[in-house]
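Report on one structure; see the data block that follows.
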Amino acid sequence: MDGHLLLPGLLLFLPLTTGWTASNCLVTEGSRLHLVSRFFLCRLDSSLPLLAFCSGVSNLTQALEAMPQGIEGLCLGGSASVLPPDAFSRFPGLKILRLFLSLTKVLPGALRGLEQLQQLSFTCHCVKDFFLPPDAFGNLSSLQHLHFQYPCLDRNLSVRLPPTLRRLGISRSCLQDVGKLADIFPDLVLGRSSGDAWTLDVLDLSFNRKLTMASPGALQGLQVGTLNLGHTMITAAAVKGLGLRRLDALSVEHTDMTELPAEAVARFELQELNVGFTRIGRITPEALASCGSLKSLSLKNSGLTDLPPGFLAALPGLQRLNLGSNKLQSAVLCTNETGVVSGLGVLDLSHNGLQSLPPGAFSCLPHLQELLLQGNQLDWLEGQVFQGLRRLERLDLSYNPLVTLGEAWLAHLPELTTLNLLSTSIMLSPTWDFWGPENLHDLRLQFPSGPSGAVLSVPTRLTSLELCAAPGRKLWKLASPIFPVLQTLTLNGWGLQLEARNITKIFPALRQLFLLGNSLEALCSQDTSSFFLLQLPRLQYLRVQGDGHSPRPCCITGLPNLQELELRRLQSRARPHSVRLEELVGELPRLQVLRLSQTGLETLSATAFQGLGSLQVLVLDREAGIVLDGSLQEHSPQMPQYMYILSSSLACQCANAWLGPWLKRTPRTYVHIEPRQLCRPEAGGHSKSPLFPFLWSRCPKTLGLELFLGSSALLFLLISLPFLQEARNSWILYLQALFRAWLQDLRGRKGEGKRFLYDVFVSHCRQDQAWVVQELLPTLEGSRGLRLCLPERDFEPGNDVADNVAESMASSRVTLCVLSCQALGTPRCCLELHLATSLLLATPHPPVLLVVFLEPVSRHQLPRYHRLARLLRRGDYYVWPKEDERKDDFWAWLGSRLGQAGLG
Amino acid sequence: MAEPPLYPVAGAAGPQGDEDRLGLPDGADAPLDELVGAYPNYNEEEEERRYYRRKRLGVLKNVLAASAGGTLTYGVYLGLLQMQLILHYDETYREVKYGNMGLPDIDSKMLIGINVTPIAALLYTPVLIRFFGTKWMMFLGVGIYALFVSTNYWERYYTLVPSAVALGMAIVPLWASMGNYITRMAQKYYEYSHYKERDGQDPQQRPPRGSHAPYLLVFQAIFYSFFHLSFACAQLPMVYFLNNYLYDLNHTLYNVHSCGTNSQGILSGFNKTVLRTLPRSRNLIVVESVLMAVAFVAMLLVLGLCGAAYRPTEEIDLRSVGWGNIFQLPFKHVRDFRLRHLTPFFIYSGFEVLFACTGLALGYGVCSIGLERLAYLLVAYSLGASASSLLCLLGLWLPRHVPLVSGSGLHLLLTVGLFFWAPTPKVLQHMWILYVAAVLWGVGSALNKTGLSTLLGILYEDKERQDFIFTIYHWWQAVAIFVVYLGSSLPMKAKLAVLLLTLVVAMISYLVMEQKLRRGVVPRQPRIPRPQHKVRGYRYLEEDNSDESDAEGERYGGGGGGGGGRGDGGEDEALLSGPRPGPEPAGFGRRPCPYEQAQEGDGPEEQ
């Protein structure tokens, strides 16, 4: 309550926070990039130690100032239009720089100081022209990749390229002619600037939808590793005429190509050709004949219905073949009559609609290591179908309606290590066994839909096992009591019957565990919801993904080696309730990464971090109304180094108020919060205001200030005691007299008669006492019958002299000051005179002050002469005459003045 | 001037009213005792004895209250300062709680305020003490210490720095008036316990020289025994609060490579972070409130339980010598060879206490056994000092230079020992040596402090100059503390060398002084001018003492003390300061001060 009153004053001293728009950058370590990659909207190398992504940059200098200096990968997005000189000179270690700015101009020297920069890209989804100074890249002595995604670069001329450049890309531009490149970057072309031919590993011209022409000889002498012409209108034949000295790979995806670019292949003896997503449909043997140099061929989604006979024979050097997403009905790669043995290592036949595979379909591929058959219509596999695949290591049969498998179908695959049988309908019989492949270590298996509740027998040498179960089935038992080398276990749904007690014995080497679907609940103990029974000492990675039906949180604790934990969708959709972090995680001493997504987390407090001593990264994703408890502030030294609060909102509560200032100061913890945190004020207010300024202005935080003010006020009061003690004799008397006069005025004239004890207060010094006693006293007390107050006689004994003076003066109707030179030299008389004049000034009905001079007194001797002169009227003072005859005049004056004062 | 009587004067046997209605004679011969009706079993001697016993108990109470008040104040101040400096040292704490406020800057300004401001204290301390009076000066000083505690609730530039400057201003006045107070209490105790002897002799004659020395010794021992406990009190916030948050030595001393005699500056290489977790603001406020409450208690102790050091009349006389004289007199005392010879000791006295707190505790202690044991080390120092302050009571039987010299000798041995000792960081085996060193250093400190204060009280019995002497003593200490503050970045060997040098010079100089005194060399002391009651006091509205009766006036006019013969040693008549007010009877050095009448007991009695 008091805090609200104090706040306006407080705010005068403290600069108001300028909103929360400055920190729109996401900083992460490269090794943690995968945690935030969903928000990291640009491709950066995860091997770099520190990466940053900023969006909405309008002032480049300001945004860069907030950046830590050790950044090596940087993405900037926003509306800044000019790259000023020395923009990045603070970051000499920068290796990758991607600019998604609406740049129109790069000023000379803008990229100065980036000697270590390796990759640079400019992207703009705008319609502006873009100007580069000719020596823009002059000092980038390590630059290897340069990429432009710009509407138009055509108006730039003679831009020098650094000699280290290996990869150049110009995408989404208005480039129409490949030859234009030579104008923009004359270095590329032989003989213009240097004698040697330029070598590029990659020249990427994809997405230039207007690119149709390739003027012959435009890139004369250039050596290119890979030329990417995807999404362009150029014909493969035109490539021939460019004058390239060397070309190894050509990618013409998404072009309107209808047949293999055999001439280009033949011309350059291409080793790699990618004609995916085209409308080839059919390959002619003639075209195939000239493609003998190919080592890798991708025909993905190119509308093939069948392959020409002798396909493999025509491509003797082929090692990788991608035939995925075509319409092949039968995989007749091996025709028995030819007997040709191909060196093919990888074969992709996925998503082709294959119904069946003939026995020995791959018999001519003894070197095949990887066979991908997922997404076909296979429902039955003969025992002999994989005959001859002695080297096959990876076999993917998922997403096939497989029901039965031939007897000993795996017997021909001695080298098989990875087998994927997910999303199939295989009837597993209890006696069914994976005999044959000795080396099988990665198995993905769908629990069959048939009879259940039996014993499942899988090879015990597996290192990775994925089991997928439909809900509601009876649990399977594992036949083998122990899996000594199993490291990764994925349980999708809950199909296995695992005894919590002996799970350590069954999976002694388990490192990674994925629990998907509703399997978490089964692992939580039934009676105590806070105890996770999986006591797996070596577990390093755990991912728990609920299905939105968990009624209560399950505390994951007691895993001594767990390093990364991911919890997703644990909140019950039907009955959402908020949880505290300590209800989700307990004692996990080595946990480094904790990622929470849709867990209903509400409160984060220091207690939750007690058991998480090594936590480095905390990611909160899609959590609403988070409260970061104030105890975290004190816990700052132990806080994780990175905290990402993504797609989440902070609660508009005072408990979060400390966060705003803290975020700016915290030296160890990098916190990323969604920039636009809004706060809806009390009910009725429609406008939303930014969270932190709102909380800052509303929440009291001044207990310390209040205590300081209170205690120091008290102290000042106490300290003033010595001063008061000291002042008691001087000015406090006047204050007292004034206060009394004021009080009397308040009381008014009531009881006025009783107020005055004396009629006349006579102020005089001891030297003048003779005159007072001999002259004044007889006249006034004797003949006139007035009551005089004489200090020597009437002062109350024992009282302070000064108190007595003030008291008596106040209770007398008239004050008569007897002044002489001696009297003016006496402190007491001066005090009395001061008091009398002060009273004259202060009271609204001033008492009568009469002054009698016993001798002529110089005005210089009179204290405060001018004030006195102004206050006294003409008749208020009189000089005591020396001559006897004039004394009557004096008495007459005194009598009349006293009479006027009502003392007639 | 012949004055006609205004009213009947009691005692003046006038013609009117020789007898009143009771028929008893009035006037000087009137048996007032009979009129009042004495208590039938009234035993005057017994009553007198009881009266003075009460008085003596009151004096004891004063001493205890002042000691306790001083202890609590200094303990709170030291504890708070220590806690805040440790907290502010921690990088995270600073950044998290104060961000861009520049706390290190504020802290250094604060230390400047505390350490540099006392240098000016010589100019104003006597004026302040005389203006407010000893007791009120103590109260004011304690109040300013409390104000410093209060500002720590709200740590900002505009609170901390002004309060630190105010604190720096209050240091010398507070401790000078405290020393003055204790000395004065010893003198009063002597008066109250020897009232019979004083009755017999001329009341204006001073007690024999050195007669109050035993009481002084006891009182100073009590005071310093209390005062040194303040170092232990100051560790309570550490022990009960801050130690729970500190990292252990493996973290804090990670980069510390040399300790003790090999170290340079204060704890170079000490980790920038010392706090495992930050204390919660609310807990800090609780701790500060406890400290604040203790400071209040100390204030109330001084306010309520400490009686005045002087009678009001004496106070007025003390301040009536003219402010200019009061200002000058500390400087004039430099002529006194005793003070000149003691100056190195004063300086050493400042050096050694700061060396115990920084050099020994930080450079040797924290550097090798970690911050978490700092509190215990200082507690050892404090308890050793507190206990051995009572050791000074041996001075009742030994020559007065023995405690001082033995304390210094102990320090000498310790310093030489420390000169050759460089404890290894992070090694706890030699912890006991540190504790022993701390305790022994405390013993030396206690002997030093108690001995010096007692010595000053014995050498300067004159109550008109005690406050000057104590001001000079504490000012030199403040100068020494300032020098230590300036040289805090020196290598430990240099610090030890300076300490050693000062100590040797101080001892030699002190022994030379004692030798001179034994030879009977008379020191030159500035004369204290006669009080002039021109001020508007509540008793002296007029120049003449209205309370004074003729008979008294005559007696004082004639029988005043013997000028230069009075006091302790020759007064420097030739260097009289200020004009002599009024005509003085020839042959008399000066008129007796009116407070000496007051010793008769006519003023408002103090407790």
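Just remember, in the structure tokens the first chain shown is A, the second B, etc., residues are 1-based per chain, and ligands are 1-based in the order shown.
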Q. Within 9 Å of chain B, which residues of chain A show up when using only C-alpha atoms, listed as an NGL selection string?
A. :A and (630-631 or 633-638 or 661-668 or 702-712 or 715-716 or 718-723 or 725-726 or 728-730 or 766-767 or 769-770 or 773-774 or 792-793 or 800-802 or 826-828)
Q: Would you mind reading off the distance between atom CA of Phe227 of chain B and atom CA of Trp476 of chain B, one decimal, in Å?
A: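 Taking atom CA of Phe227 of chain B and atom CA of Trp476 of chain B, their separation equals 19.3 Å.
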Q: Considering only C-alpha atoms, return as a ChimeraX atom specification whatever protein or nucleic-acid residues lie within 10 Å of Trp441 of chain B, sequence-local ones (same chain, fewer than 5 positions apart) excluded.
A: /B:352-353,355-356,360,380-382,384-385,407-408,410-415,435-436,446-447
Save the residues we just selected, all heavy atoms, as a short mmCIF file (atom, residue, chain, number, x, y, z; two decimals), in the first residue's frame?
data_model
loop_
_atom_site.label_atom_id
_atom_site.label_comp_id
_atom_site.auth_asym_id
_atom_site.auth_seq_id
_atom_site.Cartn_x
_atom_site.Cartn_y
_atom_site.Cartn_z
N GLU B 352 48.18 -1.30 14.09
CA GLU B 352 48.12 -2.70 14.49
C GLU B 352 46.69 -3.24 14.42
O GLU B 352 46.50 -4.38 14.01
CB GLU B 352 48.72 -2.89 15.89
CG GLU B 352 48.03 -2.17 17.02
CD GLU B 352 47.01 -3.03 17.71
OE1 GLU B 352 47.01 -4.23 17.45
OE2 GLU B 352 46.22 -2.48 18.49
N VAL B 353 45.71 -2.41 14.72
CA VAL B 353 44.36 -2.95 14.69
C VAL B 353 43.94 -3.22 13.24
O VAL B 353 43.29 -4.22 12.93
CB VAL B 353 43.36 -2.02 15.41
CG1 VAL B 353 43.20 -0.72 14.72
CG2 VAL B 353 42.04 -2.69 15.56
N PHE B 355 46.06 -3.89 10.88
CA PHE B 355 46.83 -5.04 10.39
C PHE B 355 46.17 -6.33 10.83
O PHE B 355 46.12 -7.31 10.07
CB PHE B 355 48.26 -4.97 10.92
CG PHE B 355 49.09 -6.14 10.47
CD1 PHE B 355 49.58 -6.18 9.19
CD2 PHE B 355 49.33 -7.20 11.32
CE1 PHE B 355 50.32 -7.26 8.76
CE2 PHE B 355 50.07 -8.29 10.90
CZ PHE B 355 50.56 -8.32 9.61
N ALA B 356 45.65 -6.34 12.04
CA ALA B 356 44.97 -7.55 12.50
C ALA B 356 43.79 -7.88 11.60
O ALA B 356 43.56 -9.04 11.26
CB ALA B 356 44.50 -7.37 13.95
N LEU B 360 46.65 -9.62 8.81
CA LEU B 360 46.68 -10.95 9.41
C LEU B 360 45.48 -11.78 8.98
O LEU B 360 45.61 -12.91 8.51
CB LEU B 360 46.73 -10.81 10.93
CG LEU B 360 46.92 -12.09 11.72
CD1 LEU B 360 48.24 -12.72 11.38
CD2 LEU B 360 46.86 -11.81 13.21
N ALA B 380 38.67 -15.36 17.31
CA ALA B 380 39.82 -15.71 18.15
C ALA B 380 40.57 -14.45 18.56
O ALA B 380 40.92 -14.27 19.74
CB ALA B 380 40.75 -16.66 17.39
N TYR B 381 40.80 -13.59 17.58
CA TYR B 381 41.48 -12.33 17.88
C TYR B 381 40.71 -11.56 18.94
O TYR B 381 41.27 -11.07 19.94
CB TYR B 381 41.60 -11.51 16.60
CG TYR B 381 41.95 -10.07 16.80
CD1 TYR B 381 43.26 -9.69 17.07
CD2 TYR B 381 40.98 -9.07 16.73
CE1 TYR B 381 43.59 -8.37 17.26
CE2 TYR B 381 41.30 -7.76 16.92
CZ TYR B 381 42.61 -7.40 17.19
OH TYR B 381 42.94 -6.10 17.39
N SER B 382 39.40 -11.48 18.72
CA SER B 382 38.57 -10.67 19.60
C SER B 382 38.56 -11.23 21.01
O SER B 382 38.73 -10.48 21.99
CB SER B 382 37.16 -10.66 19.01
OG SER B 382 36.25 -10.33 19.99
N GLY B 384 40.75 -13.20 22.41
CA GLY B 384 42.07 -13.03 23.01
C GLY B 384 42.25 -11.61 23.52
O GLY B 384 42.69 -11.40 24.67
N ALA B 385 41.85 -10.65 22.71
CA ALA B 385 42.02 -9.25 23.11
C ALA B 385 41.14 -8.93 24.30
O ALA B 385 41.56 -8.26 25.26
CB ALA B 385 41.67 -8.35 21.94
N GLY B 407 53.14 -5.68 25.73
CA GLY B 407 52.26 -5.84 24.56
C GLY B 407 53.01 -5.56 23.28
O GLY B 407 52.92 -6.32 22.30
N SER B 408 53.80 -4.50 23.29
CA SER B 408 54.53 -4.16 22.08
C SER B 408 55.57 -5.22 21.79
O SER B 408 55.82 -5.55 20.63
CB SER B 408 55.21 -2.81 22.25
OG SER B 408 54.25 -1.87 22.66
N LEU B 410 55.36 -8.35 22.45
CA LEU B 410 54.65 -9.48 21.86
C LEU B 410 54.40 -9.24 20.38
O LEU B 410 54.63 -10.11 19.52
CB LEU B 410 53.33 -9.68 22.60
CG LEU B 410 52.50 -10.89 22.23
CD1 LEU B 410 53.29 -12.15 22.46
CD2 LEU B 410 51.24 -10.91 23.06
N HIS B 411 53.95 -8.03 20.08
CA HIS B 411 53.70 -7.69 18.68
C HIS B 411 54.99 -7.76 17.87
O HIS B 411 54.99 -8.19 16.73
CB HIS B 411 53.09 -6.29 18.57
CG HIS B 411 51.60 -6.32 18.67
ND1 HIS B 411 50.83 -5.20 18.59
CD2 HIS B 411 50.75 -7.34 18.84
CE1 HIS B 411 49.57 -5.53 18.70
NE2 HIS B 411 49.49 -6.83 18.87
N LEU B 412 56.06 -7.32 18.51
CA LEU B 412 57.34 -7.33 17.82
C LEU B 412 57.72 -8.75 17.43
O LEU B 412 58.07 -9.02 16.26
CB LEU B 412 58.40 -6.73 18.74
CG LEU B 412 59.74 -6.39 18.10
CD1 LEU B 412 59.58 -5.19 17.22
CD2 LEU B 412 60.76 -6.10 19.18
N LEU B 413 57.58 -9.65 18.39
CA LEU B 413 57.91 -11.04 18.11
C LEU B 413 57.02 -11.59 17.00
O LEU B 413 57.48 -12.25 16.06
CB LEU B 413 57.76 -11.89 19.37
CG LEU B 413 58.78 -11.60 20.47
CD1 LEU B 413 58.51 -12.47 21.67
CD2 LEU B 413 60.18 -11.86 19.95
N LEU B 414 55.72 -11.30 17.13
CA LEU B 414 54.78 -11.82 16.13
C LEU B 414 55.10 -11.27 14.75
O LEU B 414 55.08 -12.01 13.75
CB LEU B 414 53.36 -11.42 16.51
CG LEU B 414 52.68 -12.30 17.55
CD1 LEU B 414 51.35 -11.71 17.91
CD2 LEU B 414 52.49 -13.70 16.98
N THR B 415 55.39 -9.98 14.69
CA THR B 415 55.66 -9.37 13.39
C THR B 415 56.89 -9.99 12.75
O THR B 415 56.89 -10.30 11.56
CB THR B 415 55.88 -7.85 13.56
OG1 THR B 415 54.87 -7.35 14.42
CG2 THR B 415 55.81 -7.15 12.25
N TYR B 435 45.39 -19.40 14.26
CA TYR B 435 44.54 -19.07 15.41
C TYR B 435 45.39 -18.58 16.57
O TYR B 435 45.05 -17.60 17.25
CB TYR B 435 43.70 -20.29 15.82
CG TYR B 435 42.51 -20.48 14.92
CD1 TYR B 435 42.44 -21.54 14.04
CD2 TYR B 435 41.45 -19.58 14.95
CE1 TYR B 435 41.36 -21.72 13.21
CE2 TYR B 435 40.36 -19.75 14.12
CZ TYR B 435 40.32 -20.81 13.25
OH TYR B 435 39.24 -20.96 12.44
N VAL B 436 46.51 -19.26 16.79
CA VAL B 436 47.38 -18.83 17.90
C VAL B 436 47.89 -17.41 17.63
O VAL B 436 47.88 -16.55 18.52
CB VAL B 436 48.55 -19.82 18.05
CG1 VAL B 436 49.60 -19.25 18.99
CG2 VAL B 436 48.03 -21.14 18.58
N ALA B 446 45.28 -5.65 22.98
CA ALA B 446 44.59 -5.25 24.20
C ALA B 446 45.54 -4.52 25.12
O ALA B 446 45.20 -3.47 25.67
CB ALA B 446 44.01 -6.47 24.88
N LEU B 447 46.75 -5.07 25.28
CA LEU B 447 47.72 -4.41 26.17
C LEU B 447 48.03 -3.02 25.65
O LEU B 447 48.11 -2.05 26.41
CB LEU B 447 48.99 -5.25 26.26
CG LEU B 447 48.81 -6.58 26.98
CD1 LEU B 447 50.09 -7.38 26.93
CD2 LEU B 447 48.42 -6.35 28.43
#
Please report, as a compact mmCIF listing (two decimals) with N, CA, C and O atoms, in the first residue's frame, each residue of segment 235-435 of chain A to which DSSP assigns strand (DSSP E or B) when run on this structure's backbone.
# COMPACT_ATOMS: atom_id res chain seq x y z
N ARG A 246 35.60 -27.69 -66.45
CA ARG A 246 35.37 -28.94 -65.74
C ARG A 246 34.03 -28.84 -65.03
O ARG A 246 33.67 -27.79 -64.51
N LEU A 247 33.32 -29.97 -65.01
CA LEU A 247 32.08 -30.04 -64.24
C LEU A 247 31.95 -31.47 -63.75
O LEU A 247 32.03 -32.41 -64.52
N ASP A 248 31.74 -31.66 -62.48
CA ASP A 248 31.66 -33.01 -61.92
C ASP A 248 30.24 -33.44 -61.65
O ASP A 248 29.89 -34.60 -61.80
N ALA A 249 29.44 -32.51 -61.18
CA ALA A 249 28.08 -32.90 -60.78
C ALA A 249 27.12 -31.86 -61.30
O ALA A 249 27.42 -30.67 -61.34
N LEU A 250 25.95 -32.36 -61.66
CA LEU A 250 24.93 -31.44 -62.17
C LEU A 250 23.62 -31.76 -61.50
O LEU A 250 23.21 -32.92 -61.38
N SER A 251 22.97 -30.73 -61.02
CA SER A 251 21.67 -30.94 -60.38
C SER A 251 20.65 -30.09 -61.12
O SER A 251 20.77 -28.88 -61.19
N GLU A 272 28.05 -37.25 -61.09
CA GLU A 272 26.85 -37.20 -60.25
C GLU A 272 25.79 -36.43 -61.03
O GLU A 272 26.05 -35.37 -61.58
N LEU A 273 24.62 -37.01 -61.04
CA LEU A 273 23.54 -36.36 -61.77
C LEU A 273 22.27 -36.45 -60.93
O LEU A 273 21.91 -37.52 -60.45
N ASN A 274 21.65 -35.34 -60.78
CA ASN A 274 20.40 -35.32 -60.01
C ASN A 274 19.31 -34.77 -60.90
O ASN A 274 19.28 -33.59 -61.22
N SER A 296 26.70 -41.53 -59.19
CA SER A 296 25.50 -41.35 -58.37
C SER A 296 24.41 -40.79 -59.27
O SER A 296 24.63 -39.85 -60.02
N LEU A 297 23.27 -41.41 -59.17
CA LEU A 297 22.17 -40.97 -60.02
C LEU A 297 20.92 -40.88 -59.17
O LEU A 297 20.56 -41.82 -58.46
N SER A 298 20.26 -39.75 -59.25
CA SER A 298 19.01 -39.60 -58.51
C SER A 298 17.89 -39.37 -59.49
O SER A 298 17.90 -38.40 -60.27
N ARG A 320 25.39 -45.14 -56.07
CA ARG A 320 24.16 -44.77 -55.37
C ARG A 320 23.07 -44.58 -56.41
O ARG A 320 23.26 -43.88 -57.40
N LEU A 321 21.96 -45.17 -56.15
CA LEU A 321 20.86 -45.04 -57.09
C LEU A 321 19.60 -44.74 -56.30
O LEU A 321 19.24 -45.46 -55.37
N ASN A 322 18.98 -43.66 -56.66
CA ASN A 322 17.75 -43.28 -55.97
C ASN A 322 16.60 -43.36 -56.94
O ASN A 322 16.51 -42.58 -57.88
N VAL A 346 24.06 -48.30 -52.55
CA VAL A 346 22.84 -47.80 -51.92
C VAL A 346 21.73 -47.81 -52.95
O VAL A 346 21.88 -47.26 -54.04
N LEU A 347 20.65 -48.39 -52.59
CA LEU A 347 19.52 -48.46 -53.51
C LEU A 347 18.27 -48.01 -52.78
O LEU A 347 17.93 -48.53 -51.72
N ASP A 348 17.63 -47.01 -53.35
CA ASP A 348 16.42 -46.49 -52.72
C ASP A 348 15.24 -46.80 -53.61
O ASP A 348 15.13 -46.27 -54.72
N GLU A 370 22.81 -50.80 -48.46
CA GLU A 370 21.63 -50.14 -47.91
C GLU A 370 20.49 -50.34 -48.89
O GLU A 370 20.62 -50.00 -50.07
N LEU A 371 19.42 -50.87 -48.41
CA LEU A 371 18.27 -51.11 -49.27
C LEU A 371 17.04 -50.52 -48.59
O LEU A 371 16.69 -50.90 -47.47
N LEU A 372 16.42 -49.59 -49.27
CA LEU A 372 15.29 -48.90 -48.67
C LEU A 372 14.03 -49.29 -49.43
O LEU A 372 13.88 -48.99 -50.61
N TRP A 380 4.14 -59.72 -48.41
CA TRP A 380 4.70 -61.06 -48.21
C TRP A 380 6.09 -61.08 -48.78
O TRP A 380 6.36 -60.57 -49.86
N LEU A 381 7.00 -61.64 -48.10
CA LEU A 381 8.36 -61.73 -48.59
C LEU A 381 8.78 -63.19 -48.63
O LEU A 381 8.60 -63.92 -47.67
N ARG A 394 21.73 -52.43 -44.03
CA ARG A 394 20.55 -51.71 -43.57
C ARG A 394 19.38 -52.08 -44.45
O ARG A 394 19.45 -51.98 -45.68
N LEU A 395 18.31 -52.48 -43.83
CA LEU A 395 17.14 -52.86 -44.59
C LEU A 395 15.93 -52.18 -43.96
O LEU A 395 15.69 -52.29 -42.76
N ASP A 396 15.21 -51.47 -44.79
CA ASP A 396 14.06 -50.73 -44.28
C ASP A 396 12.80 -51.27 -44.94
O ASP A 396 12.61 -51.12 -46.14
N THR A 404 3.30 -61.74 -43.44
CA THR A 404 4.12 -62.91 -43.15
C THR A 404 5.46 -62.75 -43.85
O THR A 404 5.58 -62.09 -44.88
N LEU A 405 6.38 -63.36 -43.27
CA LEU A 405 7.71 -63.35 -43.82
C LEU A 405 8.11 -64.79 -44.09
O LEU A 405 7.72 -65.70 -43.34
N THR A 418 20.86 -53.24 -39.35
CA THR A 418 19.72 -52.37 -39.04
C THR A 418 18.50 -52.88 -39.78
O THR A 418 18.53 -53.03 -41.00
N LEU A 419 17.47 -53.10 -39.04
CA LEU A 419 16.25 -53.62 -39.65
C LEU A 419 15.07 -52.82 -39.13
O LEU A 419 14.90 -52.66 -37.91
N ASN A 420 14.30 -52.30 -40.05
CA ASN A 420 13.16 -51.47 -39.65
C ASN A 420 11.88 -52.16 -40.08
O ASN A 420 11.63 -52.34 -41.26
N LEU A 421 11.06 -52.55 -39.12
CA LEU A 421 9.80 -53.23 -39.43
C LEU A 421 8.63 -52.48 -38.82
O LEU A 421 7.61 -53.06 -38.49
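Closest to Val479 of chain B among B:Gly70, B:Gly350, B:Gly324, B:Pro491 is B:Gly350, based on only C-alpha atoms.
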(Q) List the spatial neighbours of Leu393 of chain B as a PyMOL selection string - criterion: any atom at most 10 Å away, only C-alpha atoms, same-chain residues fewer than 4 positions off excluded. (A) chain B and resi 214+217-222+388-389+397-398+403+447+450-451
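For segment 186-340 of chain A, backbone-based DSSP assignment of helix (DSSP H, G or I) covers Pro186, Asp187, Leu188, Ala236, Ala237, Ala238, Val239, Lys240, Ala262, Glu263, Ala264, Val265, Ala266, Arg267, Phe268, Pro285, Glu286, Ala287, Leu288, Ala289, Phe311, Leu312, Ala313 and Ala314 of chain A.
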Q. Hey, what's within 10 Å of Pro261 of chain A if we count only C-alpha atoms and toss same-chain stuff fewer than 2 positions away? As a PyMOL selection string, please?
A. chain A and resi 235-237+239+250+252+257-259+263-266+273+275+287-288+290-291
Q.
Taking only C-alpha atoms into account, name the residue in A:Leu132, A:Val224, A:Cys789, A:Leu422 that is nearest to Ala197 of chain A.
A. A:Val224
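One distance worth recording is that between atom CA of Glu602 of chain A and atom CA of Ile626 of chain A, which is 4.6 Å.
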Q.
Which residues are close to segment 334-339 of chain B, i.e. within 9 Å by only C-alpha atoms, leaving aside same-chain residues fewer than 6 positions away? Reply as a list of chain:residue names.
A. B:Leu456, B:Leu459, B:Ile469, B:Ile472, B:Tyr473, B:Tyr510, B:Met513, B:Glu514, B:Lys516, B:Leu517, B:Pro523, B:Arg524, B:Gln525, B:Pro526
